[in-house]
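Chemist: Mind having a look at this structure? Questions to follow.
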Amino acid sequence: MLAAAIAWSPPAVLAQQPEGARDVRDAVSTPDGAACLGRGDVAERVAQWLGRDVVDGALSIVVEIADAEERDVAFVIVRGDEVIARRRFPSLPSACGDRRAVLSLAIAIAIDATVLDALGVASSEPPPPSRLERSPAAAMSADAARPSPPPARGVRRRVPAAGRRGSRPLRFVAVAYAGASAGLLPVPALFGGASLELRIADRWALRVGGHATAITDVPLGRGAAESQLLVGRGDGCALVPVGVLGIELCAGVLAGVLEARGRGYTHPASTRLAAAWALAGVGIAWPRGSPVSLRLALDGLATVVRPSLVVEGAAGQVLATRRGPIAAVASAVGVAVSLP
């Protein structure tokens with residue numbers, strides 16, 4: 001009878017588990033579309049640091065991300081309507097794995113100070129939390145305005161570079177691309193090029209670059225003009241984050257020269273003509289905030305300076321002429337690399 005009672009007794013670990021506990025994954029919330037600090041990834045690392053998959057059922061862990069690179073991050077831990085911990089990291093490491101480890105360790109320590117003991121670091125007794133009659137979002141906003149608390153004794157804190165807060169306010173991005181156009185030349189043409197962007201707080205971008213079309217035959221009279229467009233581009237863009245995508249809304253100008261050489265005529269000649277367009281376009285970057293990303297772009301162009309190809313006879317009379325379209329469209333795909 002004694003053996004039967006032992007066999008049916010519940011394991012001791014279940015008897016010690018607090019009532020109302022819930023899975024860490026249900027307690028953690030992060031912004032939708034986070035590329036590195038997603039809810040599942042952060043919750044998994046928190047559980048690893050804690051050494052268990054459950055926390056107090058009244059706990060909620062709210063993670064806020066302030067920049068596209070996911071390096072300016074804060075979290076608030078709430079039990080019911082009481083804020084028990086809050087912390088802000090203005091400059092987490094650039095590597096995704098390190099960034100995730102730092103954030104999850106800080107959350108685990110805030111939940112259970114014995115995590116420090118497991119790491120062999122002496123922990124100090126934290127002050128009792130104050131009851132705040134405001135929402136977690138309001139508490140986080142207030143915390144962002146004050147400096148982060150000093151680290152516990154024995155913990156070495158990573159100090160950001162002088163003058164740096166969060167992600168870099170200015171950074172350069174190099175882009176190489178290729179695409180197809182209709183309307184830049186009198187006939188459809190392929191092109192390739194490169195550009196350099198100055199990104200301002202990941203909200204605005206100034207871009208300069210240039211591209212060239214492939215040498216393309218434009219039929220003209222009884223012959224053809226071997227034509228190539230060489231242009232420079234300058235535009236400004238508004239950057240809109242949408243989940244893991246970065247949307248670019250751009251406007252600018254495209255200007256350069258059309259070089260053409262006659263072929264199939266009695267006396268072929270070469271010419272160089274000015275050309276210019278006003279442009280508006282939309283672009284997509286994926287994944288947003290990554291050091292290397294894929295770019296897709298679609299531009300609409302209105303012709304400002306229209307080049308004309310002309311074939312003249314021996315006496316100077318016009319035998320054939322062809323002007324560029326009044327509007328054009330161009331699409332491109334490319335790769336963008338954030339410069340150090």
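Convention: chains lettered A, B, ... in structure tokens order; per-chain residue numbering from 1; ligands numbered from 1 as shown.
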As number ranges by chain, please: the residues near A:Ala35 (cut-off 8 Å, only C-alpha atoms, same-chain neighbours under 6 positions excluded).
Modeler: A: 244, 287-288
Chemist: I want to know what sits within 10 Å of stretch 97-113 of chain A, based on only C-alpha atoms, with residues of the same chain fewer than 4 positions away left out; could you give that as a PyMOL selection string?
Modeler: chain A and resi 28+36-38+41-51+55-56+59+61+63+70-71+73-77+84-89+91-93+117-118+122-126
Chemist: Between A:Gly232, A:Gly57, A:Gly183, A:Gly192, which one has atoms that come closest to A:Leu301, using only C-alpha atoms?
Modeler: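 Checking each of A:Gly232, A:Gly57, A:Gly183, A:Gly192 against A:Leu301, counting only C-alpha atoms, the winner is A:Gly183.
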Chemist: Quote the spacing between atom CA of A:Glu259 and atom CA of A:Ser227 in Å to one decimal place.
Modeler: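 So the two atoms, atom CA of A:Glu259 and atom CA of A:Ser227, lie 5.6 Å apart.
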Chemist: I need the residue nearest A:Gly210 from this list: A:Gly20, A:Leu198, A:Asp235, A:Ser29. Use only C-alpha atoms for the distance.
Modeler: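 The shortest atom-to-atom distance to A:Gly210 comes from A:Asp235.
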Chemist: Show which residues sit within 7 Å of A:His211, as a PyMOL selection string. Count only C-alpha atoms, and ignore same-chain residues fewer than 4 positions away.
Modeler: chain A and resi 191-194+230-232
Chemist: Keeping N, CA and C atoms, export the residues of the selection given above as a JSON list (two decimals), in the first residue's frame.
Modeler:
```json
[["chain", "number", "residue", "atom", "x", "y", "z"],
["A", 191, "PHE", "N", 19.44, 48.86, -68.14],
["A", 191, "PHE", "CA", 20.41, 49.79, -67.57],
["A", 191, "PHE", "C", 21.00, 49.21, -66.30],
["A", 192, "GLY", "N", 22.12, 49.78, -65.86],
["A", 192, "GLY", "CA", 22.75, 49.42, -64.60],
["A", 192, "GLY", "C", 23.41, 50.64, -63.99],
["A", 193, "GLY", "N", 23.56, 50.65, -62.68],
["A", 193, "GLY", "CA", 24.17, 51.82, -62.05],
["A", 193, "GLY", "C", 24.43, 51.62, -60.58],
["A", 194, "ALA", "N", 24.80, 52.71, -59.92],
["A", 194, "ALA", "CA", 25.12, 52.68, -58.50],
["A", 194, "ALA", "C", 24.78, 54.04, -57.90],
["A", 230, "LEU", "N", 23.58, 58.22, -70.71],
["A", 230, "LEU", "CA", 24.44, 58.34, -69.53],
["A", 230, "LEU", "C", 23.87, 59.46, -68.67],
["A", 231, "VAL", "N", 23.40, 59.12, -67.46],
["A", 231, "VAL", "CA", 22.69, 60.10, -66.64],
["A", 231, "VAL", "C", 23.17, 60.06, -65.19],
["A", 232, "GLY", "N", 22.97, 61.18, -64.51],
["A", 232, "GLY", "CA", 23.15, 61.26, -63.08],
["A", 232, "GLY", "C", 21.80, 61.44, -62.41]]
```
Chemist: Give the alpha helix (DSSP H) residues of stretch 33-62 of chain A, as DSSP finds them on the backbone, and put them as an NGL selection string.
Modeler: :A and (39-50)
Chemist: Given the choices A:Arg295, A:Ser60, A:Gly300, A:Val187, which gets closest to A:Asp217 if the distance is worked out from only C-alpha atoms?
Modeler: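 Looking only at the distances to A:Asp217, the closest residue turns out to be A:Val187.
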Chemist: Which residues are near stretch 319-324 of chain A? Cut-off 8 Å, only C-alpha atoms, ignore same chain within fewer than 6 positions. Put them as a count of residues only.
Modeler: 14
Chemist: Wanna dump the stretch 153-251 of chain A-stretch 260-278 of chain A contacts at 8 Å for me, each residue with its shortest atom pair and the distance in Å to one decimal, counting only C-alpha atoms, ordered by chain and number, as JSON lines?
Modeler:
```
{"residue": "A:Arg222", "atom": "CA", "partner": "A:Gly264", "partner_atom": "CA", "distance": 7.1}
{"residue": "A:Gly223", "atom": "CA", "partner": "A:Gly264", "partner_atom": "CA", "distance": 4.5}
{"residue": "A:Ala224", "atom": "CA", "partner": "A:Arg263", "partner_atom": "CA", "distance": 5.4}
{"residue": "A:Ala225", "atom": "CA", "partner": "A:Gly262", "partner_atom": "CA", "distance": 4.6}
{"residue": "A:Glu226", "atom": "CA", "partner": "A:Arg261", "partner_atom": "CA", "distance": 5.1}
{"residue": "A:Ser227", "atom": "CA", "partner": "A:Ala260", "partner_atom": "CA", "distance": 4.3}
{"residue": "A:Gln228", "atom": "CA", "partner": "A:Ala260", "partner_atom": "CA", "distance": 6.5}
{"residue": "A:Ala251", "atom": "CA", "partner": "A:Ala278", "partner_atom": "CA", "distance": 7.8}
```
Chemist: Using DSSP assignments from the backbone, pull out every residue in stretch 181-230 of chain A that falls under strand (DSSP E or B) and give it to me as an MDAnalysis selection string.
Modeler: chainID A and resid 181:182 189:200 204:213 216:220 223:230
Chemist: Selected residues, N, CA and C atoms, written as a JSON list (two decimals), in the first residue's frame, please.
Modeler:
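The result, stored in again-v7.json:
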```json
[["chain", "number", "residue", "atom", "x", "y", "z"],
["A", 181, "SER", "N", 13.87, 49.90, -68.56],
["A", 181, "SER", "CA", 13.12, 51.15, -68.69],
["A", 181, "SER", "C", 12.35, 51.17, -70.00],
["A", 182, "ALA", "N", 11.28, 51.92, -69.99],
["A", 182, "ALA", "CA", 10.51, 52.20, -71.20],
["A", 182, "ALA", "C", 10.26, 53.69, -71.25],
["A", 189, "ALA", "N", 14.93, 49.74, -72.96],
["A", 189, "ALA", "CA", 16.37, 49.52, -72.79],
["A", 189, "ALA", "C", 16.67, 49.02, -71.38],
["A", 190, "LEU", "N", 17.73, 48.24, -71.27],
["A", 190, "LEU", "CA", 18.24, 47.79, -69.98],
["A", 190, "LEU", "C", 19.26, 48.81, -69.46],
["A", 191, "PHE", "N", 19.44, 48.86, -68.14],
["A", 191, "PHE", "CA", 20.41, 49.79, -67.57],
["A", 191, "PHE", "C", 21.00, 49.21, -66.30],
["A", 192, "GLY", "N", 22.12, 49.78, -65.86],
["A", 192, "GLY", "CA", 22.75, 49.42, -64.60],
["A", 192, "GLY", "C", 23.41, 50.64, -63.99],
["A", 193, "GLY", "N", 23.56, 50.65, -62.68],
["A", 193, "GLY", "CA", 24.17, 51.82, -62.05],
["A", 193, "GLY", "C", 24.43, 51.62, -60.58],
["A", 194, "ALA", "N", 24.80, 52.71, -59.92],
["A", 194, "ALA", "CA", 25.12, 52.68, -58.50],
["A", 194, "ALA", "C", 24.78, 54.04, -57.90],
["A", 195, "SER", "N", 24.57, 54.05, -56.59],
["A", 195, "SER", "CA", 24.25, 55.30, -55.89],
["A", 195, "SER", "C", 24.80, 55.26, -54.48],
["A", 196, "LEU", "N", 24.90, 56.43, -53.88],
["A", 196, "LEU", "CA", 25.33, 56.57, -52.50],
["A", 196, "LEU", "C", 24.26, 57.36, -51.76],
["A", 197, "GLU", "N", 23.80, 56.83, -50.63],
["A", 197, "GLU", "CA", 22.75, 57.47, -49.84],
["A", 197, "GLU", "C", 23.30, 57.97, -48.52],
["A", 198, "LEU", "N", 22.83, 59.13, -48.11],
["A", 198, "LEU", "CA", 23.05, 59.62, -46.76],
["A", 198, "LEU", "C", 21.74, 59.47, -46.01],
["A", 199, "ARG", "N", 21.71, 58.58, -45.02],
["A", 199, "ARG", "CA", 20.49, 58.34, -44.26],
["A", 199, "ARG", "C", 20.52, 59.17, -42.97],
["A", 200, "ILE", "N", 19.42, 59.85, -42.72],
["A", 200, "ILE", "CA", 19.32, 60.76, -41.58],
["A", 200, "ILE", "C", 18.32, 60.17, -40.60],
["A", 204, "TRP", "N", 14.94, 59.81, -43.19],
["A", 204, "TRP", "CA", 15.09, 60.54, -44.45],
["A", 204, "TRP", "C", 16.37, 60.06, -45.13],
["A", 205, "ALA", "N", 16.42, 60.22, -46.46],
["A", 205, "ALA", "CA", 17.61, 59.84, -47.21],
["A", 205, "ALA", "C", 17.84, 60.82, -48.34],
["A", 206, "LEU", "N", 19.10, 61.19, -48.56],
["A", 206, "LEU", "CA", 19.52, 61.97, -49.71],
["A", 206, "LEU", "C", 20.39, 61.07, -50.57],
["A", 207, "ARG", "N", 20.09, 61.01, -51.88],
["A", 207, "ARG", "CA", 20.75, 60.03, -52.75],
["A", 207, "ARG", "C", 21.34, 60.72, -53.98],
["A", 208, "VAL", "N", 22.56, 60.34, -54.34],
["A", 208, "VAL", "CA", 23.17, 60.75, -55.60],
["A", 208, "VAL", "C", 23.74, 59.49, -56.26],
["A", 209, "GLY", "N", 23.70, 59.46, -57.57],
["A", 209, "GLY", "CA", 24.20, 58.29, -58.27],
["A", 209, "GLY", "C", 24.14, 58.50, -59.77],
["A", 210, "GLY", "N", 24.34, 57.44, -60.47],
["A", 210, "GLY", "CA", 24.29, 57.52, -61.92],
["A", 210, "GLY", "C", 24.12, 56.14, -62.52],
["A", 211, "HIS", "N", 23.61, 56.09, -63.75],
["A", 211, "HIS", "CA", 23.51, 54.82, -64.43],
["A", 211, "HIS", "C", 23.61, 55.03, -65.94],
["A", 212, "ALA", "N", 23.82, 53.94, -66.63],
["A", 212, "ALA", "CA", 23.95, 53.96, -68.09],
["A", 212, "ALA", "C", 23.10, 52.85, -68.67],
["A", 213, "THR", "N", 22.48, 53.15, -69.79],
["A", 213, "THR", "CA", 21.73, 52.11, -70.48],
["A", 213, "THR", "C", 22.69, 51.29, -71.34],
["A", 216, "THR", "N", 21.80, 50.52, -77.45],
["A", 216, "THR", "CA", 20.55, 50.00, -78.00],
["A", 216, "THR", "C", 20.31, 50.60, -79.39],
["A", 217, "ASP", "N", 19.92, 49.77, -80.33],
["A", 217, "ASP", "CA", 19.59, 50.24, -81.68],
["A", 217, "ASP", "C", 18.21, 50.89, -81.69],
["A", 218, "VAL", "N", 18.17, 52.13, -82.16],
["A", 218, "VAL", "CA", 16.91, 52.85, -82.34],
["A", 218, "VAL", "C", 16.66, 52.98, -83.84],
["A", 219, "PRO", "N", 15.69, 52.25, -84.43],
["A", 219, "PRO", "CA", 15.42, 52.36, -85.87],
["A", 219, "PRO", "C", 15.09, 53.80, -86.26],
["A", 220, "LEU", "N", 15.72, 54.25, -87.35],
["A", 220, "LEU", "CA", 15.55, 55.64, -87.79],
["A", 220, "LEU", "C", 15.76, 55.70, -89.30],
["A", 223, "GLY", "N", 18.20, 53.35, -91.62],
["A", 223, "GLY", "CA", 19.26, 52.82, -90.78],
["A", 223, "GLY", "C", 18.83, 52.78, -89.32],
["A", 224, "ALA", "N", 19.79, 52.94, -88.45],
["A", 224, "ALA", "CA", 19.51, 52.91, -87.02],
["A", 224, "ALA", "C", 20.54, 53.77, -86.29],
["A", 225, "ALA", "N", 20.17, 54.22, -85.11],
["A", 225, "ALA", "CA", 21.08, 54.98, -84.24],
["A", 225, "ALA", "C", 21.46, 54.10, -83.06],
["A", 226, "GLU", "N", 22.76, 53.81, -82.96],
["A", 226, "GLU", "CA", 23.25, 53.07, -81.79],
["A", 226, "GLU", "C", 23.29, 54.05, -80.61],
["A", 227, "SER", "N", 22.35, 53.90, -79.68],
["A", 227, "SER", "CA", 22.12, 54.93, -78.66],
["A", 227, "SER", "C", 22.45, 54.41, -77.26],
["A", 228, "GLN", "N", 22.99, 55.30, -76.46],
["A", 228, "GLN", "CA", 23.26, 55.00, -75.05],
["A", 228, "GLN", "C", 23.01, 56.25, -74.22],
["A", 229, "LEU", "N", 22.30, 56.07, -73.11],
["A", 229, "LEU", "CA", 21.98, 57.18, -72.22],
["A", 229, "LEU", "C", 22.88, 57.11, -70.99],
["A", 230, "LEU", "N", 23.58, 58.22, -70.71],
["A", 230, "LEU", "CA", 24.44, 58.34, -69.53],
["A", 230, "LEU", "C", 23.87, 59.46, -68.67]]
```
Chemist: Near A:Ala332, within 8 Å and counting only C-alpha atoms, which residues show up once chain neighbours fewer than 4 positions away are dropped, as a list of chain:residue names?
Modeler: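 The residues that qualify are A:Tyr177, A:Ala178, A:Gly179, A:Ala180, A:Leu296, A:Ala297, A:Leu298.
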